[in-house]
Each structure stands twice: as C-alpha cells, then as structure tokens.
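model19.txt, holding compact mmCIF, C-alpha atoms:
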```txt
# COMPACT_ATOMS: atom_id res chain seq x y z
CA MET R 1 112.57 79.35 130.26
CA ASN R 2 114.76 82.43 129.89
CA PHE R 3 114.58 84.65 126.83
CA LEU R 4 117.92 83.57 125.31
CA THR R 5 117.12 79.86 125.67
CA ARG R 6 113.71 80.45 124.11
CA ILE R 7 115.18 82.29 121.12
CA LEU R 8 117.95 79.72 120.60
CA TYR R 9 116.03 76.47 121.04
CA SER R 10 112.28 76.96 120.83
CA PRO R 11 110.11 76.75 117.72
CA PHE R 12 109.87 80.25 116.29
CA LEU R 13 106.78 79.93 114.09
CA VAL R 14 104.34 77.04 113.99
CA GLN R 15 101.86 76.72 111.14
CA LEU R 16 98.99 74.69 112.53
CA VAL R 17 96.79 73.02 109.90
CA VAL R 18 93.26 73.21 111.29
CA THR R 19 91.50 71.66 108.30
CA ARG R 20 92.53 70.08 105.03
CA ARG R 21 89.29 71.23 103.38
CA CYS R 22 89.35 74.10 100.96
CA ASN R 23 86.67 75.82 98.93
CA LEU R 24 89.12 76.04 96.00
CA SER R 25 91.24 73.55 94.11
CA CYS R 26 94.09 75.51 92.58
CA GLY R 27 96.11 73.51 90.08
CA TYR R 28 99.42 73.86 91.90
CA CYS R 29 98.20 73.18 95.44
CA SER R 30 98.40 69.90 97.33
CA GLU R 31 97.33 71.39 100.68
CA PHE R 32 93.63 70.59 100.42
CA ASP R 33 90.96 67.96 100.03
CA LYS R 34 87.19 67.93 99.82
CA THR R 35 86.42 65.16 102.31
CA SER R 36 88.40 65.47 105.56
CA ASP R 37 86.68 66.63 108.70
CA PRO R 38 88.21 69.64 110.46
CA VAL R 39 90.77 68.76 113.14
CA PRO R 40 88.80 68.61 116.43
CA PHE R 41 89.05 71.73 118.58
CA GLU R 42 90.20 69.87 121.70
CA LEU R 43 93.06 68.19 119.81
CA LEU R 44 94.17 71.54 118.39
CA LYS R 45 93.95 73.12 121.84
CA THR R 46 96.11 70.32 123.29
CA ARG R 47 98.66 70.86 120.52
CA MET R 48 98.73 74.61 121.13
CA MET R 49 99.28 74.08 124.87
CA LYS R 50 102.21 71.73 124.14
CA LEU R 51 103.66 74.18 121.60
CA LYS R 52 103.43 76.95 124.19
CA GLU R 53 105.17 74.70 126.71
CA LEU R 54 107.97 74.20 124.14
CA GLY R 55 108.37 77.98 123.92
CA THR R 56 106.79 78.59 120.51
CA LEU R 57 106.64 82.30 119.77
CA PHE R 58 104.25 82.65 116.83
CA MET R 59 101.09 80.65 116.03
CA GLU R 60 99.74 80.68 112.47
CA PHE R 61 96.54 78.90 111.47
CA THR R 62 96.46 77.44 107.99
CA GLY R 63 94.88 74.68 105.94
CA GLY R 64 93.21 73.99 103.42
CA GLU R 65 91.16 77.08 104.11
CA PRO R 66 91.18 77.73 107.88
CA MET R 67 88.05 79.89 107.71
CA MET R 68 86.20 76.62 106.99
CA HIS R 69 86.98 75.36 110.50
CA PRO R 70 83.75 75.73 112.52
CA GLN R 71 85.66 76.95 115.59
CA ILE R 72 88.31 79.16 113.98
CA PHE R 73 87.39 82.12 116.18
CA ASP R 74 87.68 79.95 119.32
CA LEU R 75 91.08 78.72 118.12
CA ILE R 76 92.27 82.31 117.72
CA ARG R 77 90.94 83.21 121.18
CA THR R 78 92.72 80.18 122.64
CA SER R 79 95.97 81.15 120.97
CA ARG R 80 95.68 84.67 122.40
CA SER R 81 94.87 83.33 125.89
CA LEU R 82 98.02 81.18 125.71
CA LYS R 83 99.94 84.41 125.05
CA PHE R 84 101.77 83.52 121.86
CA TRP R 85 103.58 86.66 120.74
CA ARG R 86 101.63 86.75 117.48
CA THR R 87 98.50 84.95 116.34
CA MET R 88 98.18 84.77 112.58
CA LEU R 89 95.98 83.29 109.86
CA ILE R 90 96.51 82.47 106.16
CA SER R 91 93.36 82.62 104.00
CA ASN R 92 92.14 82.93 100.43
CA ALA R 93 89.59 85.57 101.57
CA TYR R 94 86.52 84.01 99.92
CA TYR R 95 84.75 83.68 103.28
CA PHE R 96 85.31 87.23 104.49
CA THR R 97 82.25 89.30 105.30
CA ARG R 98 82.05 92.27 107.62
CA GLU R 99 80.71 89.98 110.36
CA LYS R 100 83.59 87.52 110.00
CA VAL R 101 86.21 90.28 109.94
CA GLU R 102 84.70 91.75 113.10
CA ALA R 103 84.68 88.28 114.68
CA LEU R 104 88.39 87.96 113.83
CA ASN R 105 88.93 91.35 115.49
CA GLU R 106 87.07 90.26 118.61
CA ALA R 107 88.93 86.94 118.75
CA GLY R 108 92.21 88.86 118.80
CA LEU R 109 93.76 88.05 115.43
CA GLN R 110 96.95 90.05 114.96
CA ASP R 111 98.08 89.20 111.42
CA LEU R 112 96.31 87.97 108.30
CA GLN R 113 97.97 86.81 105.12
CA ILE R 114 95.67 86.74 102.11
CA SER R 115 97.02 84.76 99.20
CA ILE R 116 96.27 86.21 95.77
CA ASP R 117 97.81 84.66 92.66
CA GLY R 118 96.97 87.29 90.08
CA VAL R 119 94.09 89.41 88.77
CA LYS R 120 91.95 87.21 86.52
CA PRO R 121 90.89 83.56 86.92
CA ASN R 122 92.75 81.10 84.69
CA ASP R 123 93.17 77.35 84.24
CA ILE R 124 95.46 77.13 87.28
CA THR R 125 93.83 79.41 89.85
CA VAL R 126 90.72 81.33 90.84
CA LYS R 127 92.47 82.79 93.90
CA VAL R 128 92.71 86.13 92.14
CA LEU R 129 91.91 89.77 92.69
CA ASN R 130 88.91 90.40 90.43
CA PRO R 131 86.32 88.22 92.24
CA LEU R 132 87.69 89.28 95.65
CA ARG R 133 87.94 93.08 95.34
CA GLU R 134 84.81 93.85 97.38
CA ARG R 135 85.66 91.28 100.07
CA LEU R 136 89.17 92.72 100.33
CA LYS R 137 87.77 96.25 100.62
CA THR R 138 85.59 94.98 103.47
CA VAL R 139 88.70 93.61 105.18
CA ALA R 140 90.46 96.96 104.67
CA ARG R 141 87.53 98.89 106.17
CA HIS R 142 86.97 96.72 109.24
CA ALA R 143 90.15 94.83 110.17
CA ARG R 144 92.01 95.93 113.27
CA PHE R 145 94.82 93.48 112.49
CA ARG R 146 97.74 93.73 110.08
CA VAL R 147 97.00 92.41 106.57
CA VAL R 148 99.59 91.15 104.11
CA LEU R 149 98.40 90.63 100.54
CA ASN R 150 100.68 87.91 99.23
CA SER R 151 100.93 87.56 95.46
CA VAL R 152 102.54 84.55 93.83
CA ILE R 153 104.38 84.74 90.53
CA GLY R 154 103.98 81.56 88.52
CA SER R 155 100.27 80.74 88.50
CA ALA R 156 99.11 83.86 86.64
CA PRO R 157 100.74 86.22 84.14
CA SER R 158 103.57 87.96 85.97
CA ALA R 159 102.40 91.42 84.87
CA GLU R 160 99.27 90.93 87.00
CA VAL R 161 101.38 91.02 90.16
CA LEU R 162 101.89 94.76 89.74
CA GLU R 163 98.14 95.34 89.83
CA VAL R 164 97.86 93.21 92.97
CA ILE R 165 100.66 95.22 94.60
CA ASP R 166 98.98 98.53 93.67
CA PHE R 167 95.64 97.31 95.03
CA ALA R 168 97.30 96.19 98.27
CA LYS R 169 98.90 99.59 98.76
CA ASP R 170 95.65 101.42 97.95
CA GLN R 171 93.83 99.41 100.63
CA GLY R 172 96.52 99.91 103.27
CA PHE R 173 97.70 96.29 103.10
CA ILE R 174 101.32 95.22 103.11
CA PRO R 175 102.16 93.83 99.65
CA ARG R 176 104.43 90.80 99.33
CA VAL R 177 105.51 88.82 96.27
CA GLN R 178 106.68 85.22 96.22
CA PHE R 179 107.80 82.96 93.40
CA MET R 180 106.28 79.55 92.78
```

What is this structure when it is put down as structure tokens?
Amino acid sequence: MNFLTRILYSPFLVQLVVTRRCNLSCGYCSEFDKTSDPVPFELLKTRMMKLKELGTLFMEFTGGEPMMHPQIFDLIRTSRSLKFWRTMLISNAYYFTREKVEALNEAGLQDLQISIDGVKPNDITVKVLNPLRERLKTVARHARFRVVLNSVIGSAPSAEVLEVIDFAKDQGFIPRVQFM
C-alpha cells in the first residue's frame, strides 16, 4: 500500500476496547461495567493484525480501564511489533505505580492520555486530581512516553480545570481541555 493510498483510505486512529471493566463508576460514563471479562489476548492480537493489514496508523488502547487488562503490557508490545506509527493508552491513572510505569516504558508505549475531571471528588466523579497527585508525580518522574493530562469541563466546577492545567504544566505533561 503506498503512502497516499494509506492516508486517503486507511483507518487513521483505532481505539481498541480491551476491557469493559473499570475501577470507577463516574456518573456520566457508559463505557464500563463491573462484570465483563477482559477481551482475550489472542482475539485482540487478531484484530490488531487485521487493522494493520487495513493500513491503520495509530493504535489506542481504551476501556473501561485498560490497565485492568491482565495482558496490557503484552498488547502494547504486540502493537509496537506490528509497527503502528503510534501506540497509545487512555487511563484514569489509579493503577499507576513506578513498576507499572516502567513496564509501560519497556513495552514501548508512546503516548498516554490521563483523564482528570477536576480537583476534588464530587457526586459525579472521583477521577480527579487530589487523590491522584502522587501517582501522577510518579508518572512524571518515570515515564519515557508523552503524557497528556486531559481535563473535562462539565463534571466538576469549571474553575478546577485551571488547577489541573497548572499541575499538568508543572509536571511536564501536555494539558488538554474538553467539554462534556
């Protein structure tokens, strides 16, 4: 497949749901459940191979919470071995420890989007900065991949977004704001 054909007709970015499970249950989210098993590794690998054959450029793992997939590091390694231009992950960051960040480095992760809704927990979300500060600092210290801290206006007081942006900049993350 030549470059022009690939750009014109191939999938650009595929978000591959690796598990529907999530450790959180944010009030606005319908992308989770508490009972589904993770998608089997071999099925995901088959899908990635087909997506590569179709000319997909970017592979992004999502969920639920993809860090709950027992073979997430193997999935990232597989994506890298298939030579997608970028291998990415979206996470709520609750599972990040130094060991897991280093395992993401070793697997070859290139981009991480961490979704943060505000600063303080509220009735809608606990995916907020205050309980995650130390985990995020661990990511900042050890990640060798690009990190985008994505804040969402609509599930927390909008003024909190400024604090999330400042924190992202202080840690060397790329801040991004979306509207719900």

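Our summary of the geometry notes that atom CA of R:Arg21 is positioned 7.5 Å from atom CA of R:Asp37.
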
Open item on the list: Taking all atoms listed in the file into account, name the residue in R:Pro38, R:Gly63, R:Pro157, R:Gly55 that is nearest to R:Gln15.
Closed with: R:Gly63

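For stretch 97-113 of chain R, the residues within 6 Å (counting all atoms listed in the file, excluding itself and residues fewer than 3 positions away along the chain) are Phe73, Ile76, Arg77, Thr87, Met88, Leu89, Ile90, Arg144, Phe145, Arg146, Val147, Val148 and Leu149 of chain R.
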
TODO: Provide the atom CA of R:Pro66 to atom CA of R:Thr19 distance in Å, to one decimal place.
DONE: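 Between atom CA of R:Pro66 and atom CA of R:Thr19 the gap works out to 6.1 Å.
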
Task: Length of the atom CA of R:Leu44 to atom CA of R:Lys127 vector [Å] - done: 27.0 Å

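Nearest residue to R:Met1, choosing from R:Arg20, R:Arg86, R:Lys52, R:Lys45 and counting all atoms listed in the file: R:Lys52.
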
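Proximity of R:Leu132, R:Val139, R:Ile72, R:Asp117 to R:Phe179, computed with all atoms listed in the file, is greatest for R:Asp117.
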
- [ ] Measuring atom to atom with all atoms listed in the file, identify which of R:Cys26, R:Val177, R:Ala140, R:Leu82 is nearest to R:Asn122.
- [x]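 Closest to R:Asn122, using all atoms listed in the file: R:Cys26.
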
Task: Nearest to R:Thr78, chosen from R:Val152, R:Met59, R:Val126, R:Leu54, with only C-alpha atoms counted in the distances - done: R:Met59

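In this comparison, which uses all atoms listed in the file, the residue of R:Leu75, R:Glu60, R:Arg141, R:Asn23 approaching R:Phe173 most closely is R:Arg141.
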
I'd like the box whose edges run along x, y and z of the file and which contains every listed atom of stretch 50-63 of chain R, padded by 3 Å per side; could you state its centre and edge lengths in Å, one decimal, as lines of an AutoDock Vina configuration file?
```
center_x = 101.6
center_y = 77.2
center_z = 116.3
size_x = 19.5
size_y = 16.9
size_z = 26.8
```

Quick one: residues within 12 Å of stretch 128-130 of chain R, only C-alpha atoms counted, chain neighbours fewer than 6 positions away excluded, as a PDB file with C-alpha atoms, in the frame of the given file?
```pdb
ATOM      1  CA  LEU R  24      89.120  76.040  96.000  1.00  0.00           C
ATOM      2  CA  CYS R  26      94.090  75.510  92.580  1.00  0.00           C
ATOM      3  CA  ASN R  92      92.140  82.930 100.430  1.00  0.00           C
ATOM      4  CA  ALA R  93      89.590  85.570 101.570  1.00  0.00           C
ATOM      5  CA  TYR R  94      86.520  84.010  99.920  1.00  0.00           C
ATOM      6  CA  ILE R 114      95.670  86.740 102.110  1.00  0.00           C
ATOM      7  CA  SER R 115      97.020  84.760  99.200  1.00  0.00           C
ATOM      8  CA  ILE R 116      96.270  86.210  95.770  1.00  0.00           C
ATOM      9  CA  ASP R 117      97.810  84.660  92.660  1.00  0.00           C
ATOM     10  CA  GLY R 118      96.970  87.290  90.080  1.00  0.00           C
ATOM     11  CA  VAL R 119      94.090  89.410  88.770  1.00  0.00           C
ATOM     12  CA  LYS R 120      91.950  87.210  86.520  1.00  0.00           C
ATOM     13  CA  PRO R 121      90.890  83.560  86.920  1.00  0.00           C
ATOM     14  CA  ASN R 122      92.750  81.100  84.690  1.00  0.00           C
ATOM     15  CA  LEU R 136      89.170  92.720 100.330  1.00  0.00           C
ATOM     16  CA  LYS R 137      87.770  96.250 100.620  1.00  0.00           C
ATOM     17  CA  LEU R 149      98.400  90.630 100.540  1.00  0.00           C
ATOM     18  CA  ASN R 150     100.680  87.910  99.230  1.00  0.00           C
ATOM     19  CA  SER R 151     100.930  87.560  95.460  1.00  0.00           C
ATOM     20  CA  VAL R 152     102.540  84.550  93.830  1.00  0.00           C
ATOM     21  CA  ILE R 153     104.380  84.740  90.530  1.00  0.00           C
ATOM     22  CA  SER R 155     100.270  80.740  88.500  1.00  0.00           C
ATOM     23  CA  ALA R 156      99.110  83.860  86.640  1.00  0.00           C
ATOM     24  CA  PRO R 157     100.740  86.220  84.140  1.00  0.00           C
ATOM     25  CA  GLU R 160      99.270  90.930  87.000  1.00  0.00           C
ATOM     26  CA  VAL R 161     101.380  91.020  90.160  1.00  0.00           C
ATOM     27  CA  LEU R 162     101.890  94.760  89.740  1.00  0.00           C
ATOM     28  CA  GLU R 163      98.140  95.340  89.830  1.00  0.00           C
ATOM     29  CA  VAL R 164      97.860  93.210  92.970  1.00  0.00           C
ATOM     30  CA  ILE R 165     100.660  95.220  94.600  1.00  0.00           C
ATOM     31  CA  ASP R 166      98.980  98.530  93.670  1.00  0.00           C
ATOM     32  CA  PHE R 167      95.640  97.310  95.030  1.00  0.00           C
ATOM     33  CA  ALA R 168      97.300  96.190  98.270  1.00  0.00           C
TER      34      ALA R 168
END
```
